[in-house]
Amino acid sequence: MTTVAVEKHHWGSRRFLGIPEYRRLLATRLASQWGDGLFQAGLAGAVLFNPERQAHPAEIAAGFAVLLLPYSLVGPFAGALLDRWDRKKVILVANLARAAFVVLTAAAVGAGLSGLPLYVFALIVMGIGRFVGSGLSASLPHVVPEDHLVEANALAATAGAVMSVVGAASAIGFRTLLGAGDGGSGWTTSIAVVGMLLSAFIASRFKAGVLGPDEVDESHNAMRAVARGLLDGAKATLRTPSVTASLAALLAHRAAFGVNLIITLLLMRYALEDVGILKAGIGGLGEVAIAGGAGILLAGVLTDRIVDRFGIKKTISGTLVLTAVAQLALGLPMTLISILAASFFLIFAGQVVKLCVDTAVQHDVGDEVRGRVFALYDTLFNVTQVTAVSITATVIPLDGRSPALIITAAGLYLVGLAAYLLLLARKRQAQHPALVREDDRSHPIG
């Protein structure tokens, strides 16, 4: 019986890539996320590792708020419109619009602007990007069979995340060639426009309506539909036990990740020194990105198999325990090597949980509201990280060395585990009392 399940769920990348619409959707994602990775790394280099500027914890927190809050501000609007308009058109227009604002942002960086003018342009770029990200996620069930969503999502999300890392690495390379000052940073950031234009071109090759939505379950008044998008997403999430519980686990991971992120940035900037071929500074961030990319790649390969073997409940629980242990064992030494090792394990585990949440939304939420649920998911995901980064910035020393914060992050993973198990037990008992004791392997999302 176990063998049959494995045969049913494992197609392999070659078979997925043999589906023309899936292949095109994946290519749209890869081009978009390469541009995202390059843009974010280029902007981070301009603000955090620019010899013409000085970075402090509060400025780092502000920078991450700029990069992440658009997900929260634009998310509800993106969700409502993705469930109302042809998703192909939304993805196409969004890519073209943010390409234009990438050019404006790059010009602002090159001109030496800082503070509000720079942040406004970056906010717009990242905000419009939510239409692309949410649209691609909401469209996936239209191009692959439902019982293969776990593997299809793992392949798409993993390849996209790895391409973001490649984009970030590209930014570091271009920065080396073009210069680390304002001018070089501006040119580096501008190159992200290539990925967004390519993504727009690939998306234009879809036939109208093929990505959904199949039905429109919204008010005919567009403004009213947009205004209620977040509320509709919240209601749909609360009605779906697998999504509610998994999301709680993911948010705990994201909060801990936010704490780790600012610790790592400050350690690389002010505290750590080169160790052999390993570099600190912005080169060290590149190494962190590579380590994280390896973790994402491993998660993409293993998640579907782990879920088939153990079920979603044990998979999420195990990864949260792994992160807590890795946090303490590898985070507390605060050396360059241990930071790189911790990045691998923490990002691997976080990607496993994220893939489980993505699949829960795609599998258990109706297409007519799926875009709004993904929008809510994005909103909570990034508000949590911005909040964690902001709070951490108020208490962390300038050099980033804080054992107390590392222990706090480990505790957040365990809080997430407790919340996940509690919510899953209560929701399942309330809705399916007779199924509470059943093996969660009987359902692909637990």
# chains A, B, ... in the order shown; residues from 1 in each chain; ligands from 1
call {"tool": "closest_atom_pairs", "arguments": {"of": "range 123-167 of chain A", "to": "range 95-101 of chain A", "cutoff": "8 Å", "atoms": "only C-alpha atoms", "output": "CSV"}}
result
residue,atom,partner,partner_atom,distance
A:Ile124,CA,A:Phe101,CA,7.1
A:Val125,CA,A:Arg98,CA,5.0
A:Met126,CA,A:Arg98,CA,7.8
A:Ile128,CA,A:Arg98,CA,6.1
A:Gly129,CA,A:Arg98,CA,7.0
A:Val132,CA,A:Asn95,CA,7.0
call {"tool": "write_last_selection", "arguments": {"atoms": "N, CA and C atoms", "output": "PDB file, in the first residue's frame"}}
result
ATOM      1  N   ILE A 124       7.031  50.510  -3.900  1.00  0.00           N
ATOM      2  CA  ILE A 124       6.175  50.275  -5.063  1.00  0.00           C
ATOM      3  C   ILE A 124       6.623  49.029  -5.818  1.00  0.00           C
ATOM      4  N   VAL A 125       7.942  48.889  -6.012  1.00  0.00           N
ATOM      5  CA  VAL A 125       8.455  47.712  -6.723  1.00  0.00           C
ATOM      6  C   VAL A 125       8.043  46.433  -6.015  1.00  0.00           C
ATOM      7  N   MET A 126       8.292  46.375  -4.709  1.00  0.00           N
ATOM      8  CA  MET A 126       7.994  45.159  -3.966  1.00  0.00           C
ATOM      9  C   MET A 126       6.490  44.939  -3.821  1.00  0.00           C
ATOM     10  N   ILE A 128       4.043  45.863  -5.982  1.00  0.00           N
ATOM     11  CA  ILE A 128       3.503  45.337  -7.240  1.00  0.00           C
ATOM     12  C   ILE A 128       3.918  43.877  -7.423  1.00  0.00           C
ATOM     13  N   GLY A 129       5.100  43.537  -6.911  1.00  0.00           N
ATOM     14  CA  GLY A 129       5.577  42.161  -7.021  1.00  0.00           C
ATOM     15  C   GLY A 129       4.661  41.145  -6.377  1.00  0.00           C
ATOM     16  N   VAL A 132       2.436  39.381  -8.750  1.00  0.00           N
ATOM     17  CA  VAL A 132       3.104  38.311  -9.498  1.00  0.00           C
ATOM     18  C   VAL A 132       3.219  37.044  -8.649  1.00  0.00           C
TER      19      VAL A 132
END
call {"tool": "closest_atom_pairs", "arguments": {"of": "range 258-366 of chain A", "to": "range 157-178 of chain A", "cutoff": "10 Å", "atoms": "only C-alpha atoms", "output": "Markdown table"}}
result
| residue | atom | partner | partner_atom | distance |
| --- | --- | --- | --- | --- |
| A:Ile282 | CA | A:Ile172 | CA | 7.8 |
| A:Gly283 | CA | A:Ile172 | CA | 7.7 |
| A:Leu285 | CA | A:Ala169 | CA | 9.2 |
| A:Gly286 | CA | A:Ala169 | CA | 6.1 |
| A:Glu287 | CA | A:Ala169 | CA | 8.9 |
| A:Val288 | CA | A:Val165 | CA | 9.7 |
| A:Ala289 | CA | A:Val165 | CA | 5.9 |
| A:Ile290 | CA | A:Val165 | CA | 6.8 |
| A:Ala291 | CA | A:Val165 | CA | 9.6 |
| A:Gly292 | CA | A:Val165 | CA | 8.1 |
| A:Gly293 | CA | A:Val162 | CA | 5.3 |
| A:Ala294 | CA | A:Val162 | CA | 8.0 |
| A:Gly295 | CA | A:Val162 | CA | 9.4 |
| A:Ile296 | CA | A:Thr158 | CA | 5.9 |
| A:Leu297 | CA | A:Thr158 | CA | 5.9 |
| A:Leu298 | CA | A:Thr158 | CA | 8.6 |
| A:Ala299 | CA | A:Thr158 | CA | 7.5 |
| A:Gly300 | CA | A:Thr158 | CA | 5.1 |
| A:Val301 | CA | A:Thr158 | CA | 8.4 |
| A:Gln351 | CA | A:Thr158 | CA | 8.2 |
| A:Val352 | CA | A:Thr158 | CA | 9.8 |
| A:Lys354 | CA | A:Ala157 | CA | 9.1 |
| A:Leu355 | CA | A:Ala157 | CA | 7.4 |
| A:Asp358 | CA | A:Ala157 | CA | 9.1 |
call {"tool": "write_last_selection", "arguments": {"atoms": "C-alpha atoms", "output": "mmCIF file, in the first residue's frame"}}
result
data_model
loop_
_atom_site.group_PDB
_atom_site.id
_atom_site.type_symbol
_atom_site.label_atom_id
_atom_site.label_comp_id
_atom_site.auth_asym_id
_atom_site.auth_seq_id
_atom_site.Cartn_x
_atom_site.Cartn_y
_atom_site.Cartn_z
ATOM 1 C CA ILE A 282 28.881 41.379 1.861
ATOM 2 C CA GLY A 283 30.821 38.359 0.601
ATOM 3 C CA LEU A 285 26.091 37.388 2.929
ATOM 4 C CA GLY A 286 26.661 35.808 -0.448
ATOM 5 C CA GLU A 287 27.915 32.681 1.310
ATOM 6 C CA VAL A 288 24.844 32.726 3.567
ATOM 7 C CA ALA A 289 22.688 32.956 0.443
ATOM 8 C CA ILE A 290 24.491 29.962 -1.076
ATOM 9 C CA ALA A 291 24.099 27.936 2.130
ATOM 10 C CA GLY A 292 20.431 28.878 2.268
ATOM 11 C CA GLY A 293 20.002 28.027 -1.402
ATOM 12 C CA ALA A 294 21.442 24.573 -0.745
ATOM 13 C CA GLY A 295 18.933 24.144 2.077
ATOM 14 C CA ILE A 296 16.081 25.231 -0.197
ATOM 15 C CA LEU A 297 17.229 22.830 -2.894
ATOM 16 C CA LEU A 298 17.395 19.931 -0.442
ATOM 17 C CA ALA A 299 13.924 20.797 0.863
ATOM 18 C CA GLY A 300 12.579 20.723 -2.675
ATOM 19 C CA VAL A 301 14.018 17.277 -3.256
ATOM 20 C CA GLN A 351 11.266 25.855 3.292
ATOM 21 C CA VAL A 352 9.849 22.464 4.236
ATOM 22 C CA LYS A 354 6.447 26.707 3.683
ATOM 23 C CA LEU A 355 5.940 24.011 1.063
ATOM 24 C CA ASP A 358 1.502 26.286 0.149
#
call {"tool": "residues_around", "arguments": {"residues": "Gly416 in chain A", "least_positions_apart": "4", "cutoff": "8 Å", "atoms": "only C-alpha atoms", "output": "list in words"}}
result
Ala248, Ala249, Leu250, Leu251, Ala252, His253, Leu320, Leu412 and Tyr420 of chain A
call {"tool": "atom_distance", "arguments": {"atom1": "CA of Leu155 in chain A", "atom2": "CA of Asn260 in chain A"}}
result
26.4 Å
call {"tool": "closest_residue", "arguments": {"among": "A:Val307, A:Leu322, A:Leu247, A:Val103", "to": "Phe374 in chain A", "atoms": "only C-alpha atoms"}}
result
A:Leu247
call {"tool": "closest_residue", "arguments": {"among": "A:Lys314, A:Ala106, A:Leu336, A:Pro403", "to": "Val193 in chain A", "atoms": "only C-alpha atoms"}}
result
A:Ala106
call {"tool": "closest_residue", "arguments": {"among": "A:Ala418, A:Ile263, A:Asn382, A:Leu398", "to": "Ser343 in chain A", "atoms": "only C-alpha atoms"}}
result
A:Ile263
call {"tool": "atom_distance", "arguments": {"atom1": "CA of Arg269 in chain A", "atom2": "CA of Ala61 in chain A"}}
result
14.7 Å
call {"tool": "residues_around", "arguments": {"residues": "Leu328 in chain A", "least_positions_apart": "3", "cutoff": "9 Å", "atoms": "only C-alpha atoms", "output": "PyMOL selection string"}}
result
chain A and resi 323-325+331-333+406-407+409-410
call {"tool": "closest_atom_pairs", "arguments": {"of": "range 191-294 of chain A", "to": "range 384-387 of chain A", "cutoff": "8 Å", "atoms": "only C-alpha atoms", "output": "Markdown table"}}
result
| residue | atom | partner | partner_atom | distance |
| --- | --- | --- | --- | --- |
| A:Leu251 | CA | A:Thr384 | CA | 6.5 |
| A:Arg254 | CA | A:Gln385 | CA | 5.6 |
| A:Ala255 | CA | A:Gln385 | CA | 5.1 |
| A:Phe257 | CA | A:Gln385 | CA | 7.2 |
| A:Gly258 | CA | A:Gln385 | CA | 4.9 |
call {"tool": "atom_distance", "arguments": {"atom1": "CA of Gly110 in chain A", "atom2": "CA of Leu38 in chain A"}}
result
15.9 Å
